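**Student:** Contents of start_10.csv (CSV, C-alpha atoms and all ligand atoms) are below:
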chain,number,residue,atom,x,y,z
A,1,MET,CA,0.0,0.0,0.0
A,2,ALA,CA,1.5,3.4,-0.9
A,3,SER,CA,-0.6,5.5,1.4
A,4,GLU,CA,-0.5,9.2,1.5
A,5,VAL,CA,0.2,10.8,4.8
A,6,VAL,CA,-2.9,12.9,5.5
A,7,PHE,CA,-2.6,13.1,9.3
A,8,SER,CA,0.6,12.9,11.4
A,9,PHE,CA,0.6,10.5,14.3
A,10,SER,CA,4.4,11.0,14.8
A,11,GLY,CA,5.6,10.0,18.2
A,12,GLN,CA,2.4,8.1,19.0
A,13,THR,CA,2.1,4.4,20.0
A,14,VAL,CA,-0.7,2.5,18.3
A,15,LEU,CA,-1.8,-0.9,19.5
A,16,VAL,CA,-3.5,-3.0,16.8
A,17,THR,CA,-5.0,-6.4,17.6
A,18,GLY,CA,-5.3,-9.1,14.9
A,19,GLY,CA,-2.7,-7.1,12.9
A,20,ALA,CA,-0.9,-9.9,11.1
A,21,THR,CA,-3.1,-9.7,8.0
A,22,GLY,CA,-6.3,-8.2,6.5
A,23,LEU,CA,-7.8,-5.0,7.9
A,24,GLY,CA,-5.6,-5.0,10.9
A,25,LEU,CA,-2.4,-5.0,8.9
A,26,ALA,CA,-3.7,-2.2,6.6
A,27,ILE,CA,-4.6,-0.1,9.6
A,28,ALA,CA,-1.2,-0.7,11.2
A,29,GLU,CA,0.6,0.2,8.0
A,30,ALA,CA,-1.5,3.3,7.5
A,31,PHE,CA,-0.7,4.6,11.1
A,32,GLY,CA,3.0,3.6,10.6
A,33,ARG,CA,3.2,5.6,7.3
A,34,ALA,CA,1.7,8.5,9.2
A,35,GLY,CA,4.6,8.4,11.7
A,36,ALA,CA,3.3,6.2,14.5
A,37,GLN,CA,5.1,3.3,16.1
A,38,ILE,CA,3.1,0.1,16.1
A,39,ALA,CA,2.5,-2.6,18.7
A,40,LEU,CA,1.2,-5.4,16.5
A,41,ASN,CA,-0.8,-8.1,18.1
A,42,ASP,CA,-1.8,-11.5,16.7
A,43,LEU,CA,-2.4,-15.0,17.9
A,44,SER,CA,1.1,-16.3,17.4
A,45,SER,CA,4.6,-14.8,17.6
A,46,ASP,CA,5.3,-16.1,14.1
A,47,ARG,CA,2.4,-14.3,12.6
A,48,ALA,CA,3.1,-11.0,14.5
A,49,GLU,CA,6.8,-11.1,13.7
A,50,ALA,CA,6.3,-11.7,10.0
A,51,ALA,CA,3.9,-8.8,9.8
A,52,CYS,CA,6.3,-6.5,11.8
A,53,ALA,CA,9.1,-7.5,9.4
A,54,SER,CA,7.1,-6.4,6.4
A,55,LEU,CA,6.3,-3.1,8.2
A,56,ASN,CA,10.0,-2.6,9.2
A,57,GLU,CA,10.9,-3.0,5.5
A,58,ALA,CA,8.6,-0.1,4.8
A,59,GLY,CA,10.5,2.0,7.4
A,60,ILE,CA,7.8,1.6,10.1
A,61,ARG,CA,8.8,0.8,13.7
A,62,ALA,CA,6.7,-2.1,14.7
A,63,LEU,CA,6.9,-4.4,17.8
A,64,PRO,CA,5.3,-7.8,17.7
A,65,VAL,CA,3.1,-8.5,20.8
A,66,ALA,CA,1.5,-11.9,20.4
A,67,ALA,CA,-1.4,-12.8,22.6
A,68,ASP,CA,-4.8,-14.5,22.4
A,69,VAL,CA,-7.2,-11.7,23.0
A,70,ARG,CA,-9.6,-14.2,24.6
A,71,ASP,CA,-7.1,-14.7,27.5
A,72,GLY,CA,-7.2,-11.9,30.0
A,73,ALA,CA,-3.9,-12.6,31.6
A,74,ALA,CA,-2.2,-12.8,28.2
A,75,VAL,CA,-3.8,-9.5,27.2
A,76,ARG,CA,-2.7,-7.7,30.3
A,77,ALA,CA,0.9,-9.0,29.9
A,78,MET,CA,0.8,-7.8,26.3
A,79,VAL,CA,-0.2,-4.3,27.3
A,80,GLU,CA,2.6,-4.3,30.0
A,81,SER,CA,5.1,-5.2,27.3
A,82,VAL,CA,3.8,-2.4,25.1
A,83,VAL,CA,4.2,0.1,28.0
A,84,ALA,CA,7.7,-1.2,28.8
A,85,ASN,CA,8.9,-1.0,25.2
A,86,LEU,CA,7.0,1.8,23.4
A,87,GLY,CA,5.2,3.6,26.3
A,88,ALA,CA,1.5,3.6,27.0
A,89,PRO,CA,-0.6,3.5,23.9
A,90,HIS,CA,-2.1,6.7,22.5
A,91,ILE,CA,-4.4,4.8,20.2
A,92,VAL,CA,-5.9,1.3,20.5
A,93,ILE,CA,-7.5,-0.5,17.6
A,94,ALA,CA,-9.5,-3.6,18.8
A,95,ASN,CA,-9.7,-5.3,15.4
A,96,ALA,CA,-9.1,-9.1,16.1
A,97,GLY,CA,-12.1,-11.1,15.0
A,98,VAL,CA,-13.3,-14.3,13.4
A,99,TYR,CA,-16.3,-15.0,11.2
A,100,PRO,CA,-16.9,-18.7,10.6
A,101,ASN,CA,-20.3,-19.3,8.9
A,102,THR,CA,-22.7,-21.9,10.2
A,103,PRO,CA,-26.5,-22.1,10.0
A,104,PHE,CA,-28.2,-21.2,13.2
A,105,MET,CA,-29.9,-24.5,13.7
A,106,ASP,CA,-26.5,-26.4,13.3
A,107,LEU,CA,-24.5,-24.0,15.4
A,108,GLY,CA,-22.7,-25.6,18.3
A,109,GLU,CA,-21.7,-24.1,21.7
A,110,GLU,CA,-18.0,-24.3,21.0
A,111,GLU,CA,-18.2,-22.2,17.8
A,112,TRP,CA,-20.6,-19.7,19.5
A,113,ASP,CA,-18.1,-19.3,22.4
A,114,ARG,CA,-15.1,-18.9,20.1
A,115,VAL,CA,-16.8,-16.1,18.1
A,116,LEU,CA,-18.2,-14.3,21.2
A,117,ASP,CA,-15.0,-14.8,23.1
A,118,THR,CA,-12.8,-13.4,20.3
A,119,ASN,CA,-15.1,-10.7,18.9
A,120,LEU,CA,-16.7,-9.3,22.0
A,121,LYS,CA,-14.8,-10.5,25.1
A,122,GLY,CA,-11.5,-9.9,23.3
A,123,VAL,CA,-12.5,-6.3,22.6
A,124,PHE,CA,-13.5,-5.9,26.3
A,125,LEU,CA,-10.2,-7.4,27.6
A,126,THR,CA,-8.0,-5.4,25.1
A,127,CYS,CA,-9.8,-2.1,25.7
A,128,GLN,CA,-9.8,-2.5,29.5
A,129,ALA,CA,-6.1,-3.3,29.8
A,130,ALA,CA,-5.1,-0.6,27.3
A,131,SER,CA,-7.3,2.1,28.8
A,132,ARG,CA,-6.0,1.4,32.3
A,133,ALA,CA,-2.5,2.0,30.9
A,134,MET,CA,-3.6,5.1,29.0
A,135,VAL,CA,-5.2,6.6,32.1
A,136,SER,CA,-2.2,5.8,34.3
A,137,ALA,CA,0.0,7.6,31.8
A,138,GLY,CA,-2.4,10.5,31.4
A,139,ARG,CA,-2.9,9.7,27.7
A,140,GLN,CA,-6.0,11.4,26.3
A,141,GLY,CA,-6.1,9.1,23.3
A,142,GLN,CA,-8.5,7.2,21.2
A,143,VAL,CA,-10.0,3.7,21.0
A,144,VAL,CA,-11.5,2.3,17.9
A,145,THR,CA,-13.4,-1.0,17.9
A,146,VAL,CA,-13.9,-2.9,14.7
A,147,SER,CA,-17.6,-3.9,14.5
A,148,SER,CA,-19.3,-4.8,11.2
A,149,GLY,CA,-22.3,-4.0,9.1
A,150,ALA,CA,-23.5,-7.4,10.4
A,151,ALA,CA,-24.2,-5.6,13.7
A,152,ASN,CA,-27.3,-4.0,12.1
A,153,VAL,CA,-28.4,-6.6,9.6
A,154,GLY,CA,-28.9,-10.3,9.8
A,155,PHE,CA,-26.8,-12.6,7.6
A,156,TRP,CA,-27.4,-16.2,6.9
A,157,GLY,CA,-25.0,-18.4,8.9
A,158,TRP,CA,-23.7,-15.5,11.0
A,159,SER,CA,-26.0,-15.5,14.1
A,160,HIS,CA,-23.1,-15.6,16.4
A,161,TYR,CA,-21.1,-13.1,14.4
A,162,CYS,CA,-24.0,-10.6,14.2
A,163,ALA,CA,-24.6,-11.0,17.9
A,164,SER,CA,-20.9,-10.4,18.7
A,165,LYS,CA,-20.7,-7.3,16.5
A,166,ALA,CA,-23.9,-5.8,17.8
A,167,GLY,CA,-22.4,-6.3,21.3
A,168,VAL,CA,-19.3,-4.4,20.3
A,169,ILE,CA,-21.4,-1.4,19.5
A,170,GLY,CA,-23.0,-1.5,23.0
A,171,LEU,CA,-19.6,-1.9,24.6
A,172,THR,CA,-18.2,0.9,22.5
A,173,ARG,CA,-20.9,3.4,23.6
A,174,ALA,CA,-20.6,2.4,27.3
A,175,MET,CA,-16.8,2.7,27.1
A,176,ALA,CA,-17.2,6.2,25.5
A,177,VAL,CA,-19.3,7.3,28.5
A,178,GLU,CA,-16.8,6.1,31.1
A,179,LEU,CA,-13.5,6.8,29.4
A,180,GLY,CA,-14.7,10.2,28.3
A,181,GLU,CA,-14.0,11.4,31.8
A,182,HIS,CA,-10.4,10.7,31.1
A,183,GLY,CA,-10.3,12.5,27.7
A,184,ILE,CA,-10.4,9.2,25.7
A,185,ARG,CA,-12.6,9.0,22.7
A,186,VAL,CA,-14.1,5.6,21.8
A,187,ASN,CA,-15.7,4.9,18.4
A,188,ALA,CA,-16.7,1.9,16.3
A,189,ILE,CA,-16.0,1.3,12.7
A,190,LEU,CA,-18.5,-0.9,10.8
A,191,PRO,CA,-16.9,-2.1,7.6
A,192,GLY,CA,-18.9,-3.6,4.8
A,193,TYR,CA,-17.5,-6.5,2.8
A,194,VAL,CA,-13.8,-6.0,2.2
A,195,GLU,CA,-11.8,-8.7,0.4
A,196,VAL,CA,-8.9,-9.9,2.5
A,197,THR,CA,-6.3,-12.6,1.8
A,198,GLU,CA,-7.1,-15.0,4.7
A,199,GLY,CA,-10.3,-14.1,6.5
A,200,GLY,CA,-12.7,-14.7,3.6
A,201,SER,CA,-11.2,-17.9,2.3
A,202,HIS,CA,-14.3,-19.9,3.5
A,203,LEU,CA,-16.8,-17.7,1.7
A,204,THR,CA,-18.4,-18.8,-1.5
A,205,GLU,CA,-17.7,-17.1,-4.8
A,206,ALA,CA,-21.5,-16.4,-5.1
A,207,TYR,CA,-21.4,-14.5,-1.8
A,208,LYS,CA,-18.2,-12.6,-2.6
A,209,THR,CA,-19.5,-11.5,-6.1
A,210,THR,CA,-22.7,-10.2,-4.5
A,211,ALA,CA,-21.0,-8.6,-1.6
A,212,ARG,CA,-18.4,-6.9,-3.8
A,213,GLY,CA,-21.1,-5.1,-5.7
A,214,ALA,CA,-23.3,-4.2,-2.8
A,215,ASN,CA,-22.4,-0.6,-2.4
A,216,LEU,CA,-23.0,2.8,-4.1
A,217,ARG,CA,-19.4,3.5,-5.1
A,218,GLY,CA,-19.2,1.1,-8.1
A,219,ARG,CA,-16.1,-0.7,-6.8
A,220,PRO,CA,-15.3,-3.3,-4.1
A,221,GLY,CA,-14.1,-2.1,-0.7
A,222,GLU,CA,-10.4,-2.4,0.1
A,223,PRO,CA,-8.6,-2.7,3.4
A,224,LEU,CA,-7.1,0.8,2.8
A,225,ASP,CA,-10.7,2.2,2.8
A,226,VAL,CA,-11.1,1.0,6.4
A,227,ALA,CA,-7.6,2.1,7.4
A,228,ARG,CA,-8.2,5.7,6.1
A,229,ALA,CA,-11.5,5.9,8.0
A,230,THR,CA,-9.8,4.7,11.2
A,231,LEU,CA,-7.1,7.4,10.9
A,232,LEU,CA,-9.8,10.0,10.4
A,233,LEU,CA,-11.6,8.9,13.6
A,234,CYS,CA,-8.3,9.1,15.5
A,235,SER,CA,-7.3,12.5,14.0
A,236,PRO,CA,-7.9,15.8,15.7
A,237,LEU,CA,-10.5,16.5,13.0
A,238,ALA,CA,-12.7,14.0,14.9
A,239,ASP,CA,-12.2,15.7,18.3
A,240,PHE,CA,-16.0,16.0,18.9
A,241,VAL,CA,-16.7,12.5,17.8
A,242,THR,CA,-17.1,9.8,20.5
A,243,GLY,CA,-19.5,7.0,21.1
A,244,ALA,CA,-20.2,7.0,17.4
A,245,THR,CA,-20.5,4.3,14.8
A,246,LEU,CA,-19.0,4.9,11.4
A,247,SER,CA,-20.1,2.6,8.5
A,248,VAL,CA,-17.3,2.2,6.0
A,249,ASP,CA,-19.2,0.3,3.3
A,250,GLY,CA,-19.4,2.5,0.3
A,251,GLY,CA,-23.0,3.3,1.3
A,252,GLY,CA,-24.1,-0.4,1.2
A,253,SER,CA,-26.1,0.0,4.3
A,254,ALA,CA,-27.8,3.2,3.2
A,255,GLY,CA,-30.6,1.5,1.3
A,256,ARG,CA,-31.7,-1.0,-1.3
A,257,LEU,CA,-29.6,-0.8,-4.4
A,258,GLY,CA,-30.8,-0.3,-7.9
A,259,VAL,CA,-34.4,-1.0,-7.2
A,260,ARG,CA,-36.5,1.8,-8.8
A,261,PRO,CA,-40.1,1.9,-7.6
A,262,ALA,CA,-41.1,3.7,-10.8
A,263,ALA,CA,-39.8,4.2,-14.3
A,264,PRO,CA,-37.5,7.3,-14.5
B,301,LIG,N1,-13.1,-8.3,5.8
B,301,LIG,C1,-14.4,-7.9,5.9
B,301,LIG,O1,-15.1,-7.9,5.0
B,301,LIG,C2,-14.9,-7.4,7.3
B,301,LIG,C3,-16.1,-6.8,7.3
B,301,LIG,C4,-16.6,-6.3,8.5
B,301,LIG,C5,-15.9,-6.5,9.7
B,301,LIG,N2,-14.7,-7.1,9.6
B,301,LIG,C6,-14.0,-7.3,10.9
B,301,LIG,O2,-12.7,-6.8,10.7
B,301,LIG,C7,-11.8,-7.5,11.6
B,301,LIG,C8,-10.6,-8.0,10.8
B,301,LIG,O3,-11.1,-8.9,9.8
B,301,LIG,P1,-10.3,-9.4,8.6
B,301,LIG,O4,-11.3,-9.6,7.4
B,301,LIG,O5,-9.1,-8.6,8.4
B,301,LIG,O6,-9.9,-10.9,9.1
B,301,LIG,P2,-8.6,-11.8,8.9
B,301,LIG,O7,-9.0,-13.2,9.3
B,301,LIG,O8,-8.0,-11.6,7.6
B,301,LIG,O9,-7.6,-11.2,10.0
B,301,LIG,C9,-8.0,-11.3,11.4
B,301,LIG,C10,-6.7,-11.5,12.2
B,301,LIG,O10,-7.1,-11.6,13.6
B,301,LIG,C11,-6.3,-12.6,14.2
B,301,LIG,N3,-6.9,-13.3,15.3
B,301,LIG,C12,-8.0,-14.1,15.3
B,301,LIG,N4,-8.3,-14.5,16.5
B,301,LIG,C13,-7.4,-13.9,17.3
B,301,LIG,C14,-7.2,-13.9,18.7
B,301,LIG,N5,-8.0,-14.7,19.5
B,301,LIG,N6,-6.2,-13.2,19.3
B,301,LIG,C15,-5.4,-12.4,18.5
B,301,LIG,N7,-5.6,-12.3,17.1
B,301,LIG,C16,-6.6,-13.1,16.6
B,301,LIG,C17,-6.0,-13.6,13.0
B,301,LIG,O11,-4.9,-14.5,13.3
B,301,LIG,C18,-5.9,-12.7,11.8
B,301,LIG,O12,-4.5,-12.3,11.6
B,301,LIG,C19,-12.6,-8.5,12.3
B,301,LIG,O13,-13.0,-8.1,13.5
B,301,LIG,C20,-13.8,-8.7,11.3
B,301,LIG,O14,-14.9,-9.2,12.0
B,301,LIG,C21,-14.2,-7.6,8.5
Produce structure tokens that represent the structure in this file.
Ligand SMILES: NC(=O)c1ccc[n+]([C@@H]2O[C@H](COP(=O)([O-])OP(=O)(O)OC[C@H]3O[C@@H](n4cnc5c(N)ncnc54)[C@H](O)[C@@H]3O)[C@@H](O)[C@H]2O)c1
**Tutor:**
Amino acid sequence: MASEVVFSFSGQTVLVTGGATGLGLAIAEAFGRAGAQIALNDLSSDRAEAACASLNEAGIRALPVAADVRDGAAVRAMVESVVANLGAPHIVIANAGVYPNTPFMDLGEEEWDRVLDTNLKGVFLTCQAASRAMVSAGRQGQVVTVSSGAANVGFWGWSHYCASKAGVIGLTRAMAVELGEHGIRVNAILPGYVEVTEGGSHLTEAYKTTARGANLRGRPGEPLDVARATLLLCSPLADFVTGATLSVDGGGSAGRLGVRPAAP
């Protein structure tokens, strides 16, 4: 990605969870190109280190901080290591998420728990540990949670995912209320369908073709679209924006597409 630098985040530490690939990596790279130093989390050290190596090659300072966001002790240790090596985060992007697809009536408890634990509890654990460190350091920073358009609309096979992403919006608003006292803004991004190399490998071509075209911009969404919106939310231009949800879906959630009730 050859991103332009629109905002400067020079001297700031940005923690991105699930940053080894997909939207998280694009967000990490965009902040890095805008001058930030990145603490890049993912499930395994190998994945986090490989992603950091690619960022380093682009001249970005990036520290791998592997942890399973479902594990509270691991998340707290991760934040401690960020504080020790890069200082308390100025910005936290709670992005790690999974989206297996299973029909509601076939869905087992194990998969339900994995999705809710990663997508909702993981956001809670990440944001709680990071905001404690931010408040201790007097950082008046920003938190962005990565929800989804699936928070507002039902999708076949994604009952657990839809529930988790709707939960993220409730959590985001409640965090905005409490962390606002400390000068921390908290907002949610709701991406529409964005093609990524790994995360969508289980999706059918029929779904992808439909999803690619389901917006008003005449092109598929890209990870960079989500990254740019995230930087905007964390920039001083969004100083009066907190507790908000920002759809980044090319207008796909705005209405039914191409259905004219009458002849023009
Ligand atoms: N791609 C889309 O179209 C889209 C649309 C809406 C929302 N989202 C959301 O964006 C986020 C990123 O999605 P993506 O498409 O880039 O997915 P992806 O699968 O490409 O990347 C997700 C990353 O999260 C990591 N991860 C998974 N579980 C983890 C855990 N327990 N702890 C730490 N890291 C973990 C994975 O290893 C992976 O590197 C997710 O929250 C997803 O729900 C994606």
**Student:** Just the residues within 9 Å of A:Val16, please, counting all atoms listed in the file, with nothing from its chain fewer than 2 positions along; format it as a tab-separated table (two decimals) with C-alpha atoms, keeping the file's coordinate frame.
**Tutor:**
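Contents of the output file part.tsv:
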chain	number	residue	atom	x	y	z
A	14	VAL	CA	-0.70	2.50	18.30
A	18	GLY	CA	-5.30	-9.10	14.90
A	19	GLY	CA	-2.70	-7.10	12.90
A	24	GLY	CA	-5.60	-5.00	10.90
A	25	LEU	CA	-2.40	-5.00	8.90
A	27	ILE	CA	-4.60	-0.10	9.60
A	28	ALA	CA	-1.20	-0.70	11.20
A	38	ILE	CA	3.10	0.10	16.10
A	39	ALA	CA	2.50	-2.60	18.70
A	40	LEU	CA	1.20	-5.40	16.50
A	41	ASN	CA	-0.80	-8.10	18.10
A	42	ASP	CA	-1.80	-11.50	16.70
A	91	ILE	CA	-4.40	4.80	20.20
A	92	VAL	CA	-5.90	1.30	20.50
A	93	ILE	CA	-7.50	-0.50	17.60
A	94	ALA	CA	-9.50	-3.60	18.80
A	95	ASN	CA	-9.70	-5.30	15.40
A	96	ALA	CA	-9.10	-9.10	16.10
**Student:** Please, which residues have at least one atom within 8 Å of an atom of ligand LIG 301 (chain B), using only C-alpha atoms and all ligand atoms, listed as a PDB file with C-alpha atoms, keeping the file's coordinate frame?
**Tutor:**
ATOM      1  CA  THR A  17      -5.000  -6.400  17.600  1.00  0.00           C
ATOM      2  CA  GLY A  18      -5.300  -9.100  14.900  1.00  0.00           C
ATOM      3  CA  GLY A  19      -2.700  -7.100  12.900  1.00  0.00           C
ATOM      4  CA  ALA A  20      -0.900  -9.900  11.100  1.00  0.00           C
ATOM      5  CA  THR A  21      -3.100  -9.700   8.000  1.00  0.00           C
ATOM      6  CA  GLY A  22      -6.300  -8.200   6.500  1.00  0.00           C
ATOM      7  CA  LEU A  23      -7.800  -5.000   7.900  1.00  0.00           C
ATOM      8  CA  GLY A  24      -5.600  -5.000  10.900  1.00  0.00           C
ATOM      9  CA  LEU A  25      -2.400  -5.000   8.900  1.00  0.00           C
ATOM     10  CA  ASN A  41      -0.800  -8.100  18.100  1.00  0.00           C
ATOM     11  CA  ASP A  42      -1.800 -11.500  16.700  1.00  0.00           C
ATOM     12  CA  LEU A  43      -2.400 -15.000  17.900  1.00  0.00           C
ATOM     13  CA  SER A  44       1.100 -16.300  17.400  1.00  0.00           C
ATOM     14  CA  ARG A  47       2.400 -14.300  12.600  1.00  0.00           C
ATOM     15  CA  ALA A  66       1.500 -11.900  20.400  1.00  0.00           C
ATOM     16  CA  ALA A  67      -1.400 -12.800  22.600  1.00  0.00           C
ATOM     17  CA  ASP A  68      -4.800 -14.500  22.400  1.00  0.00           C
ATOM     18  CA  VAL A  69      -7.200 -11.700  23.000  1.00  0.00           C
ATOM     19  CA  ARG A  70      -9.600 -14.200  24.600  1.00  0.00           C
ATOM     20  CA  ALA A  94      -9.500  -3.600  18.800  1.00  0.00           C
ATOM     21  CA  ASN A  95      -9.700  -5.300  15.400  1.00  0.00           C
ATOM     22  CA  ALA A  96      -9.100  -9.100  16.100  1.00  0.00           C
ATOM     23  CA  GLY A  97     -12.100 -11.100  15.000  1.00  0.00           C
ATOM     24  CA  VAL A  98     -13.300 -14.300  13.400  1.00  0.00           C
ATOM     25  CA  TYR A  99     -16.300 -15.000  11.200  1.00  0.00           C
ATOM     26  CA  ASP A 117     -15.000 -14.800  23.100  1.00  0.00           C
ATOM     27  CA  THR A 118     -12.800 -13.400  20.300  1.00  0.00           C
ATOM     28  CA  ASN A 119     -15.100 -10.700  18.900  1.00  0.00           C
ATOM     29  CA  GLY A 122     -11.500  -9.900  23.300  1.00  0.00           C
ATOM     30  CA  VAL A 146     -13.900  -2.900  14.700  1.00  0.00           C
ATOM     31  CA  SER A 147     -17.600  -3.900  14.500  1.00  0.00           C
ATOM     32  CA  SER A 148     -19.300  -4.800  11.200  1.00  0.00           C
ATOM     33  CA  GLY A 149     -22.300  -4.000   9.100  1.00  0.00           C
ATOM     34  CA  ALA A 150     -23.500  -7.400  10.400  1.00  0.00           C
ATOM     35  CA  TYR A 161     -21.100 -13.100  14.400  1.00  0.00           C
ATOM     36  CA  LYS A 165     -20.700  -7.300  16.500  1.00  0.00           C
ATOM     37  CA  LEU A 190     -18.500  -0.900  10.800  1.00  0.00           C
ATOM     38  CA  PRO A 191     -16.900  -2.100   7.600  1.00  0.00           C
ATOM     39  CA  GLY A 192     -18.900  -3.600   4.800  1.00  0.00           C
ATOM     40  CA  TYR A 193     -17.500  -6.500   2.800  1.00  0.00           C
ATOM     41  CA  VAL A 194     -13.800  -6.000   2.200  1.00  0.00           C
ATOM     42  CA  GLU A 195     -11.800  -8.700   0.400  1.00  0.00           C
ATOM     43  CA  VAL A 196      -8.900  -9.900   2.500  1.00  0.00           C
ATOM     44  CA  THR A 197      -6.300 -12.600   1.800  1.00  0.00           C
ATOM     45  CA  GLU A 198      -7.100 -15.000   4.700  1.00  0.00           C
ATOM     46  CA  GLY A 199     -10.300 -14.100   6.500  1.00  0.00           C
ATOM     47  CA  GLY A 200     -12.700 -14.700   3.600  1.00  0.00           C
ATOM     48  CA  PRO A 223      -8.600  -2.700   3.400  1.00  0.00           C
TER      49      PRO A 223
END
**Student:** Quick one: residues within 10 Å of A:Gln142, all atoms listed in the file counted, chain neighbours fewer than 6 positions away excluded, as a tab-separated table (two decimals) with C-alpha atoms, in the coordinates of the input?
**Tutor:**
chain	number	residue	atom	x	y	z
A	14	VAL	CA	-0.70	2.50	18.30
A	89	PRO	CA	-0.60	3.50	23.90
A	90	HIS	CA	-2.10	6.70	22.50
A	91	ILE	CA	-4.40	4.80	20.20
A	92	VAL	CA	-5.90	1.30	20.50
A	93	ILE	CA	-7.50	-0.50	17.60
A	131	SER	CA	-7.30	2.10	28.80
A	134	MET	CA	-3.60	5.10	29.00
A	176	ALA	CA	-17.20	6.20	25.50
A	179	LEU	CA	-13.50	6.80	29.40
A	180	GLY	CA	-14.70	10.20	28.30
A	183	GLY	CA	-10.30	12.50	27.70
A	184	ILE	CA	-10.40	9.20	25.70
A	185	ARG	CA	-12.60	9.00	22.70
A	186	VAL	CA	-14.10	5.60	21.80
A	187	ASN	CA	-15.70	4.90	18.40
A	233	LEU	CA	-11.60	8.90	13.60
A	234	CYS	CA	-8.30	9.10	15.50
A	235	SER	CA	-7.30	12.50	14.00
A	239	ASP	CA	-12.20	15.70	18.30
A	242	THR	CA	-17.10	9.80	20.50
**Student:** Using only C-alpha atoms, which residue out of A:Gly170, A:Leu63, A:Arg217, A:Ala254 lies closest to A:Gly87?
**Tutor:**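 Nearest candidate to A:Gly87 out of A:Gly170, A:Leu63, A:Arg217, A:Ala254: A:Leu63.
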**Student:** Rounded to one decimal place, report the atom CA of A:Gly250-atom CA of A:Ala151 distance in Å.
**Tutor:** 16.4 Å
**Student:** Do you have the atom CA of A:Arg76-atom CA of A:Gln12 distance handy?
**Tutor:**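 Taking atom CA of A:Arg76 as the start and atom CA of A:Gln12 as the end point, the length is 20.1 Å.
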